[in-house]
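Chemist: After the structure tokens below, expect a handful of questions from me.
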Amino acid sequence: MDIIATENLTKTFNGFIAVDHISFSVRKGEVFGFLGPNGAGKTTTIKMLTTLLFPTEGSATIAGFDILKQRADVRENIGVVFQEPALDTELTGRENLDFHARMYGLSQEVRKKRVFKLLTLVDLLEKKDVLVKHYSGGMKRRLEIARGLMHSPTVLFLDEPTLGLDAQTRRAIWEYIKQLNKDENTTIFLTTHYMDEADFLCDRIGIIDHGKILVMNTVDILKKSVGNDVITLSCSDIQKLQKRLEQESWISKITLHASFLTLGVERGEEKIPVIFDIARTINVTISSVDVRRPTLDDVFLYYTGRSIREQDLEASHNGTKKPARFRLRWQK
Amino acid sequence: MNRKNPQAIYVLWLRQMKRFLRAKSRVLTTIVQPLFFLFILGFGFNIAVFPGMQGSYINFLAPGIIAMAILFSSMFTGVSVLWDKQSGFLQEVLVAPVSRLSIVIGRTLGGATIALFQGIIIMIIAIALGVPIVSNEGLLLTLIIMVLLSFTAVGFGLIIASKMHDFEGFQSIMSLILMPLLFLSSMFYPVTESLPGWLQILSYCNPLFYMIDGIRGSLTGINNILDPLVDLGIILTLCIIIMGLGTYFFNKSEA
């Protein structure tokens, strides 16, 4: 059963197309991720699906309810953890959860039980009576996730759930997300620009860039589509080598980047000597080479033509977007 | 669904109470500031003689100060939606499955409670300073007008908040709209005696005029121009219109 289904969902802001006719569906119980650089349209999509923004065009349903015509029913079925913190910092952690529970009409008995259960889940039971303004970033994030779960939503939206958190906290939050997907059978829709996050958490991902979904599939199939192994190499005359390698039928994909070349091949270890031989015959010196299993970076690179980092840099050059937080993992 | 909306109104009200009581400095300044006005202006102008004014100047001034305290406090509540917008908390409120009307009502009741609390404290101090009470019915009517004034001001604040995205514009609104309204409201001096004709007309177009005149008429029973019940009718109409507009604009604004 499709718990989220969109059709040609579109949002424009003063002529700028933030989300461009996207159609996709998310099945019940699945963890689905939108992967894309900053400014790709991820948050705008979430805001439309959670009834906070009106779509310019197109429609969507959540748990069978139309986001335009049955807004109250949609709201009933969703929990949202926003990208920017949305807590009342003048209230305590417990009060924030209690506020939320009352807004969703939970009875006193259920309220108490859920508050206790969720504060335990996110390890904040000891801090429940501390004002949120004294919480650390990670604690706030955890409290928000707990809040999103208070009313046992059918779908939980997580917008960049671990943005700006340290490695340890990220890991812990991933575990919570996995656990609640299993324990409460909550369908999860998350957005991220962290490859490892999408890889670790998602059953299926959609790669989104410039408001469009470029490709959507399970993580495994996406990785296989790039080739079983990826060889990355840099050399003295990159164009010359590329031209020569394009004649080889055993290379499934060959892509030229600014300073390196990537090849999608089978049994990469055995191909390295072959490549060196070819390079020698055309007088090109290979300066570095690397073989590995394809990662989501490769997938992203393959479908967008750029790494997510390059996109972030481009976005930050435009002066409107946040600086890149992404580390290129090519050069070791 | 039925149980949700009353609960939402209650918890929105509760949140405002908690926030207000925790912000000690806000509690203090909102009470102390009008008192400055009351004492300094009250005693400063006490020796002045205004033609046609009955009783001492402080009797004339006190109703205006009560109204001003309520007005500022309520408008602040309305505009503080902007804070929630900037801190992101508004999104949390807006994704909840409660009617937008309940959200507006909850916020308004919260703001009105705080404003009324401040207004009543000023009123008690004014009475202690010798401002006369005309009758018990008058006192009741005063409280009703204070409530309506507060609702109207919250609604006005909501309208401003839905049209603005930051606080830059708030300052100019305060000085461009609120100050002239206050000065033309008959708060500080009797407008019928002092102002030229065309400014008097502006005074009569000023909603605040009726609020202050109403409180003055119902509380002290002197120096008012219109019958307090006439004022009440005008204030009630105005309150409904502004609250309606406030809800409408709040509904339309996207988070």
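In the structure tokens, the first chain shown is A, the next is B, and so on; residue numbers restart at 1 for each chain, and ligands run from 1 in the order shown.
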Specify as a VMD selection string all residues of chain B found within 10 Å of chain A, counting only C-alpha atoms.

Modeler: chain B and resid 1 to 12 14 to 15 18 to 20 22 to 23 84 to 99 103 253 to 255

Chemist: Please give the complete set of residues from segment 40-207 of chain A that DSSP, run on the backbone, assigns to helix (DSSP H, G or I), formatted as an MDAnalysis selection string.

Modeler: chainID A and resid 42:49 71:77 93:103 108:121 125:127 132:134 137:149 167:183 195:201

Chemist: Could you check how far atom CA of Phe50 of chain B sits from atom CA of Ala128 of chain B, in Å to one decimal?

Modeler: 23.4 Å

Chemist: How many Å separate atom CA of Trp250 of chain A from atom CA of Glu266 of chain A?

Modeler: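 Distance reported for this atom pair: 7.7 Å.
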
Chemist: May I have the residues within 7 Å of Ala69 of chain B as a tab-separated table (two decimals) with N, CA, C and O atoms, in the first residue's frame, using only C-alpha atoms and disregarding those fewer than 3 positions away in the same chain?

Modeler:
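Ended up saving to selection01.tsv:
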chain	number	residue	atom	x	y	z
B	34	PRO	N	3.88	51.61	32.61
B	34	PRO	CA	2.69	52.45	32.70
B	34	PRO	C	2.61	53.24	34.00
B	34	PRO	O	2.07	54.34	34.03
B	65	ILE	N	-4.06	55.39	30.72
B	65	ILE	CA	-2.89	54.57	31.05
B	65	ILE	C	-3.28	53.09	31.14
B	65	ILE	O	-2.55	52.21	30.68
B	66	ILE	N	-4.46	52.83	31.71
B	66	ILE	CA	-4.94	51.44	31.77
B	66	ILE	C	-5.08	50.89	30.36
B	66	ILE	O	-4.59	49.80	30.03
B	72	PHE	N	-0.56	47.75	24.63
B	72	PHE	CA	0.81	47.34	24.33
B	72	PHE	C	1.01	45.86	24.60
B	72	PHE	O	1.59	45.14	23.80
B	73	SER	N	0.52	45.41	25.74
B	73	SER	CA	0.71	44.01	26.10
B	73	SER	C	0.03	43.09	25.09
B	73	SER	O	0.60	42.08	24.68
B	118	GLN	N	-2.35	42.89	33.83
B	118	GLN	CA	-1.60	44.14	33.94
B	118	GLN	C	-2.54	45.33	34.09
B	118	GLN	O	-2.31	46.22	34.92
B	119	GLY	N	-3.60	45.33	33.29
B	119	GLY	CA	-4.56	46.43	33.33
B	119	GLY	C	-5.18	46.58	34.72
B	119	GLY	O	-5.34	47.69	35.23

Chemist: Please provide the set of residues having any atom within 9 Å of Ile4 of chain A, restricted to only C-alpha atoms, with same-chain residues fewer than 4 positions apart removed, written as a list in words.

Modeler: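 Residues meeting the cut-off are Phe24, Ser25, Val26, Arg27, Lys28, Leu49, Ala60, Thr61, Ile62, Ala63, Gly64 and Val155 of chain A.
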
Chemist: Apply DSSP to the backbone of this structure and, from segment 65-296 of chain A, keep only the residues in strand (DSSP E); write these as number ranges by chain.

Modeler: A: 65-66, 78-81, 155-159, 187-192, 204-209, 212-218, 229-235, 253-256, 261-265, 286-292

Chemist: Pick out the residues sitting within 8 Å of segment 33-37 of chain A, and hand them over as a list in words; count only C-alpha atoms, and ignore anything fewer than 6 positions along from it in its own chain.

Modeler: Phe189, Leu190, Thr191, Thr192, His193, Tyr194, Met195, Ala198, Cys202, Asp203, Arg204, Ile205, Gly206, Ile207, Ile208, Asp209, Ile308, Arg309, Gln311 and Asp312 of chain A

Chemist: Restricting the output to N, CA, C and O atoms, write the selected residues as a PDB file, in the first residue's frame.

Modeler:
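Contents of the output file result33.pdb:
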ATOM      1  N   PHE A 189       9.917   9.141   6.110  1.00  0.00           N
ATOM      2  CA  PHE A 189      10.348   9.889   4.934  1.00  0.00           C
ATOM      3  C   PHE A 189      11.407  10.852   5.421  1.00  0.00           C
ATOM      4  O   PHE A 189      11.133  11.716   6.246  1.00  0.00           O
ATOM      5  N   LEU A 190      12.629  10.688   4.940  1.00  0.00           N
ATOM      6  CA  LEU A 190      13.657  11.606   5.424  1.00  0.00           C
ATOM      7  C   LEU A 190      14.392  12.256   4.268  1.00  0.00           C
ATOM      8  O   LEU A 190      14.444  11.712   3.161  1.00  0.00           O
ATOM      9  N   THR A 191      14.930  13.427   4.539  1.00  0.00           N
ATOM     10  CA  THR A 191      15.757  14.077   3.538  1.00  0.00           C
ATOM     11  C   THR A 191      17.153  14.196   4.132  1.00  0.00           C
ATOM     12  O   THR A 191      17.314  14.312   5.347  1.00  0.00           O
ATOM     13  N   THR A 192      18.133  14.159   3.282  1.00  0.00           N
ATOM     14  CA  THR A 192      19.492  14.293   3.775  1.00  0.00           C
ATOM     15  C   THR A 192      20.408  14.680   2.635  1.00  0.00           C
ATOM     16  O   THR A 192      20.076  14.477   1.469  1.00  0.00           O
ATOM     17  N   HIS A 193      21.536  15.302   2.977  1.00  0.00           N
ATOM     18  CA  HIS A 193      22.552  15.432   1.944  1.00  0.00           C
ATOM     19  C   HIS A 193      23.806  14.668   2.373  1.00  0.00           C
ATOM     20  O   HIS A 193      24.870  14.843   1.822  1.00  0.00           O
ATOM     21  N   TYR A 194      23.634  13.827   3.399  1.00  0.00           N
ATOM     22  CA  TYR A 194      24.725  12.946   3.804  1.00  0.00           C
ATOM     23  C   TYR A 194      24.547  11.585   3.151  1.00  0.00           C
ATOM     24  O   TYR A 194      23.552  10.901   3.373  1.00  0.00           O
ATOM     25  N   MET A 195      25.517  11.195   2.351  1.00  0.00           N
ATOM     26  CA  MET A 195      25.460   9.908   1.661  1.00  0.00           C
ATOM     27  C   MET A 195      25.402   8.737   2.645  1.00  0.00           C
ATOM     28  O   MET A 195      24.610   7.819   2.488  1.00  0.00           O
ATOM     29  N   ALA A 198      21.962   8.240   4.166  1.00  0.00           N
ATOM     30  CA  ALA A 198      21.003   7.620   3.255  1.00  0.00           C
ATOM     31  C   ALA A 198      21.319   6.131   3.116  1.00  0.00           C
ATOM     32  O   ALA A 198      20.433   5.280   3.131  1.00  0.00           O
ATOM     33  N   CYS A 202      18.175   4.096   4.643  1.00  0.00           N
ATOM     34  CA  CYS A 202      17.049   4.028   3.708  1.00  0.00           C
ATOM     35  C   CYS A 202      16.915   2.682   3.008  1.00  0.00           C
ATOM     36  O   CYS A 202      17.898   2.064   2.634  1.00  0.00           O
ATOM     37  N   ASP A 203      15.661   2.256   2.839  1.00  0.00           N
ATOM     38  CA  ASP A 203      15.384   1.112   1.983  1.00  0.00           C
ATOM     39  C   ASP A 203      15.452   1.555   0.528  1.00  0.00           C
ATOM     40  O   ASP A 203      16.048   0.900  -0.304  1.00  0.00           O
ATOM     41  N   ARG A 204      14.808   2.675   0.273  1.00  0.00           N
ATOM     42  CA  ARG A 204      14.832   3.221  -1.089  1.00  0.00           C
ATOM     43  C   ARG A 204      15.202   4.688  -1.010  1.00  0.00           C
ATOM     44  O   ARG A 204      14.895   5.362  -0.027  1.00  0.00           O
ATOM     45  N   ILE A 205      15.848   5.173  -2.059  1.00  0.00           N
ATOM     46  CA  ILE A 205      16.120   6.607  -2.083  1.00  0.00           C
ATOM     47  C   ILE A 205      15.739   7.197  -3.432  1.00  0.00           C
ATOM     48  O   ILE A 205      15.685   6.506  -4.450  1.00  0.00           O
ATOM     49  N   GLY A 206      15.456   8.471  -3.395  1.00  0.00           N
ATOM     50  CA  GLY A 206      15.272   9.232  -4.619  1.00  0.00           C
ATOM     51  C   GLY A 206      16.343  10.303  -4.642  1.00  0.00           C
ATOM     52  O   GLY A 206      16.565  10.968  -3.632  1.00  0.00           O
ATOM     53  N   ILE A 207      17.040  10.430  -5.747  1.00  0.00           N
ATOM     54  CA  ILE A 207      18.038  11.489  -5.848  1.00  0.00           C
ATOM     55  C   ILE A 207      17.369  12.703  -6.458  1.00  0.00           C
ATOM     56  O   ILE A 207      16.772  12.626  -7.533  1.00  0.00           O
ATOM     57  N   ILE A 208      17.424  13.809  -5.727  1.00  0.00           N
ATOM     58  CA  ILE A 208      16.727  15.013  -6.175  1.00  0.00           C
ATOM     59  C   ILE A 208      17.740  16.129  -6.378  1.00  0.00           C
ATOM     60  O   ILE A 208      18.667  16.292  -5.607  1.00  0.00           O
ATOM     61  N   ASP A 209      17.576  16.836  -7.487  1.00  0.00           N
ATOM     62  CA  ASP A 209      18.498  17.916  -7.819  1.00  0.00           C
ATOM     63  C   ASP A 209      17.733  18.943  -8.640  1.00  0.00           C
ATOM     64  O   ASP A 209      16.988  18.578  -9.549  1.00  0.00           O
ATOM     65  N   ILE A 308      28.118  15.780  -4.737  1.00  0.00           N
ATOM     66  CA  ILE A 308      27.240  16.646  -3.958  1.00  0.00           C
ATOM     67  C   ILE A 308      28.012  17.840  -3.436  1.00  0.00           C
ATOM     68  O   ILE A 308      27.484  18.928  -3.288  1.00  0.00           O
ATOM     69  N   ARG A 309      29.313  17.647  -3.231  1.00  0.00           N
ATOM     70  CA  ARG A 309      30.120  18.742  -2.729  1.00  0.00           C
ATOM     71  C   ARG A 309      30.234  19.853  -3.756  1.00  0.00           C
ATOM     72  O   ARG A 309      30.107  21.028  -3.446  1.00  0.00           O
ATOM     73  N   GLN A 311      28.151  20.548  -5.942  1.00  0.00           N
ATOM     74  CA  GLN A 311      26.866  21.231  -6.002  1.00  0.00           C
ATOM     75  C   GLN A 311      26.718  22.214  -4.854  1.00  0.00           C
ATOM     76  O   GLN A 311      26.209  23.304  -5.020  1.00  0.00           O
ATOM     77  N   ASP A 312      27.178  21.782  -3.686  1.00  0.00           N
ATOM     78  CA  ASP A 312      27.065  22.666  -2.545  1.00  0.00           C
ATOM     79  C   ASP A 312      27.922  23.901  -2.720  1.00  0.00           C
ATOM     80  O   ASP A 312      27.535  24.996  -2.365  1.00  0.00           O
TER      81      ASP A 312
END

Chemist: Tell me, as a ChimeraX atom specification, which residues lie within 7 Å of segment 169-185 of chain B, counting only C-alpha atoms; anything in the same chain fewer than 6 positions away does not count.

Modeler: /B:203,206,208-209

Chemist: Could you save those same residues with N, CA and C atoms as an mmCIF file, in the first residue's frame?

Modeler:
data_model
loop_
_atom_site.group_PDB
_atom_site.id
_atom_site.type_symbol
_atom_site.label_atom_id
_atom_site.label_comp_id
_atom_site.auth_asym_id
_atom_site.auth_seq_id
_atom_site.Cartn_x
_atom_site.Cartn_y
_atom_site.Cartn_z
ATOM 1 N N SER B 203 -9.680 62.264 15.354
ATOM 2 C CA SER B 203 -9.852 61.640 16.663
ATOM 3 C C SER B 203 -11.038 60.686 16.671
ATOM 4 N N ASN B 206 -10.519 57.382 15.254
ATOM 5 C CA ASN B 206 -9.490 56.620 15.945
ATOM 6 C C ASN B 206 -10.139 55.608 16.893
ATOM 7 N N LEU B 208 -8.953 53.911 19.216
ATOM 8 C CA LEU B 208 -8.502 54.057 20.600
ATOM 9 C C LEU B 208 -9.325 55.090 21.359
ATOM 10 N N PHE B 209 -9.795 56.092 20.624
ATOM 11 C CA PHE B 209 -10.605 57.135 21.252
ATOM 12 C C PHE B 209 -11.781 56.522 22.000
#

Chemist: Write out as a ChimeraX atom specification the residues lying within 12 Å of Ile235 of chain B, counting only C-alpha atoms and excluding same-chain residues fewer than 3 positions away.

Modeler: /B:144-153,206-215,228-232,238-243

Chemist: Convert the current residue selection to file output with N, CA, C and O atoms, as a tab-separated table (two decimals), in the first residue's frame.

Modeler:
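This went into result-v1.tsv:
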chain	number	residue	atom	x	y	z
B	144	ILE	N	-15.30	44.77	30.99
B	144	ILE	CA	-15.72	44.25	29.68
B	144	ILE	C	-14.99	44.99	28.56
B	144	ILE	O	-14.46	44.38	27.63
B	145	ILE	N	-14.93	46.31	28.69
B	145	ILE	CA	-14.23	47.09	27.66
B	145	ILE	C	-12.75	46.71	27.62
B	145	ILE	O	-12.15	46.59	26.55
B	146	MET	N	-12.17	46.48	28.79
B	146	MET	CA	-10.76	46.09	28.83
B	146	MET	C	-10.54	44.77	28.07
B	146	MET	O	-9.57	44.62	27.33
B	147	VAL	N	-11.46	43.82	28.27
B	147	VAL	CA	-11.34	42.53	27.57
B	147	VAL	C	-11.43	42.74	26.06
B	147	VAL	O	-10.61	42.23	25.28
B	148	LEU	N	-12.42	43.53	25.64
B	148	LEU	CA	-12.61	43.75	24.21
B	148	LEU	C	-11.41	44.47	23.60
B	148	LEU	O	-10.96	44.15	22.50
B	149	LEU	N	-10.90	45.46	24.35
B	149	LEU	CA	-9.72	46.19	23.88
B	149	LEU	C	-8.57	45.21	23.66
B	149	LEU	O	-7.87	45.25	22.64
B	150	SER	N	-8.42	44.31	24.61
B	150	SER	CA	-7.33	43.35	24.53
B	150	SER	C	-7.50	42.44	23.30
B	150	SER	O	-6.54	42.23	22.54
B	151	PHE	N	-8.70	41.91	23.09
B	151	PHE	CA	-8.94	41.05	21.92
B	151	PHE	C	-8.63	41.80	20.63
B	151	PHE	O	-7.97	41.28	19.73
B	152	THR	N	-9.12	43.04	20.56
B	152	THR	CA	-8.91	43.83	19.36
B	152	THR	C	-7.42	44.02	19.09
B	152	THR	O	-6.95	43.86	17.95
B	153	ALA	N	-6.68	44.33	20.17
B	153	ALA	CA	-5.26	44.60	19.98
B	153	ALA	C	-4.50	43.33	19.59
B	153	ALA	O	-3.58	43.38	18.77
B	206	ASN	N	-10.52	57.38	15.25
B	206	ASN	CA	-9.49	56.62	15.94
B	206	ASN	C	-10.14	55.61	16.89
B	206	ASN	O	-10.82	55.99	17.83
B	207	PRO	N	-9.94	54.34	16.66
B	207	PRO	CA	-10.56	53.31	17.50
B	207	PRO	C	-10.20	53.49	18.98
B	207	PRO	O	-11.04	53.28	19.85
B	208	LEU	N	-8.95	53.91	19.22
B	208	LEU	CA	-8.50	54.06	20.60
B	208	LEU	C	-9.32	55.09	21.36
B	208	LEU	O	-9.51	54.99	22.57
B	209	PHE	N	-9.80	56.09	20.62
B	209	PHE	CA	-10.61	57.13	21.25
B	209	PHE	C	-11.78	56.52	22.00
B	209	PHE	O	-12.06	56.86	23.15
B	210	TYR	N	-12.47	55.59	21.33
B	210	TYR	CA	-13.67	55.00	21.93
B	210	TYR	C	-13.32	54.10	23.11
B	210	TYR	O	-14.06	54.00	24.08
B	211	MET	N	-12.18	53.43	22.99
B	211	MET	CA	-11.75	52.55	24.07
B	211	MET	C	-11.49	53.38	25.33
B	211	MET	O	-11.94	53.04	26.43
B	212	ILE	N	-10.72	54.47	25.16
B	212	ILE	CA	-10.35	55.27	26.32
B	212	ILE	C	-11.55	56.05	26.85
B	212	ILE	O	-11.79	56.09	28.06
B	213	ASP	N	-12.33	56.57	25.93
B	213	ASP	CA	-13.54	57.27	26.34
B	213	ASP	C	-14.47	56.32	27.09
B	213	ASP	O	-15.08	56.71	28.10
B	214	GLY	N	-14.54	55.09	26.60
B	214	GLY	CA	-15.41	54.10	27.24
B	214	GLY	C	-14.95	53.78	28.65
B	214	GLY	O	-15.76	53.76	29.58
B	215	ILE	N	-13.66	53.56	28.81
B	215	ILE	CA	-13.14	53.25	30.14
B	215	ILE	C	-13.33	54.45	31.07
B	215	ILE	O	-13.76	54.32	32.22
B	228	PRO	N	-20.94	55.62	27.78
B	228	PRO	CA	-20.09	54.42	27.75
B	228	PRO	C	-20.72	53.26	26.98
B	228	PRO	O	-20.01	52.46	26.38
B	229	LEU	N	-22.04	53.18	26.99
B	229	LEU	CA	-22.69	52.07	26.28
B	229	LEU	C	-22.57	52.25	24.77
B	229	LEU	O	-22.46	51.27	24.03
B	230	VAL	N	-22.58	53.50	24.31
B	230	VAL	CA	-22.34	53.78	22.89
B	230	VAL	C	-20.92	53.35	22.53
B	230	VAL	O	-20.68	52.67	21.53
B	231	ASP	N	-19.98	53.75	23.39
B	231	ASP	CA	-18.59	53.32	23.19
B	231	ASP	C	-18.51	51.81	23.10
B	231	ASP	O	-17.85	51.27	22.21
B	232	LEU	N	-19.21	51.14	24.02
B	232	LEU	CA	-19.17	49.68	24.06
B	232	LEU	C	-19.63	49.09	22.73
B	232	LEU	O	-19.00	48.18	22.18
B	238	LEU	N	-16.00	46.80	16.33
B	238	LEU	CA	-14.62	46.87	15.89
B	238	LEU	C	-13.86	45.59	16.23
B	238	LEU	O	-13.11	45.04	15.43
B	239	CYS	N	-14.09	45.10	17.45
B	239	CYS	CA	-13.41	43.91	17.92
B	239	CYS	C	-13.72	42.73	17.01
B	239	CYS	O	-12.82	41.98	16.62
B	240	ILE	N	-15.01	42.58	16.66
B	240	ILE	CA	-15.39	41.45	15.81
B	240	ILE	C	-14.71	41.55	14.44
B	240	ILE	O	-14.17	40.57	13.93
B	241	ILE	N	-14.71	42.77	13.88
B	241	ILE	CA	-14.10	42.94	12.56
B	241	ILE	C	-12.61	42.61	12.60
B	241	ILE	O	-12.09	41.84	11.80
B	242	ILE	N	-11.92	43.20	13.58
B	242	ILE	CA	-10.46	43.02	13.65
B	242	ILE	C	-10.09	41.55	13.93
B	242	ILE	O	-9.20	40.98	13.31
B	243	MET	N	-10.83	40.93	14.85
B	243	MET	CA	-10.54	39.53	15.15
B	243	MET	C	-10.78	38.65	13.92
B	243	MET	O	-10.02	37.72	13.64

Chemist: What gap, in Å, lies between atom CA of Leu119 of chain A and atom CA of Ala146 of chain A?

Modeler: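 Separation between atom CA of Leu119 of chain A and atom CA of Ala146 of chain A: 6.8 Å.
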
Chemist: Measuring between only C-alpha atoms, which one of A:Asn228, A:Thr169, A:Thr10, A:Gln239 shows the shortest distance to Ile251 of chain A?

Modeler: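 Distance minimum relative to Ile251 of chain A lands on A:Asn228.
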
Chemist: Of the candidates A:Thr43, A:Gly15, A:Thr6, A:Thr120, which one gets nearest to Ser59 of chain A if we count only C-alpha atoms?

Modeler: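 Using only C-alpha atoms, the shortest distance to Ser59 of chain A belongs to A:Thr6.
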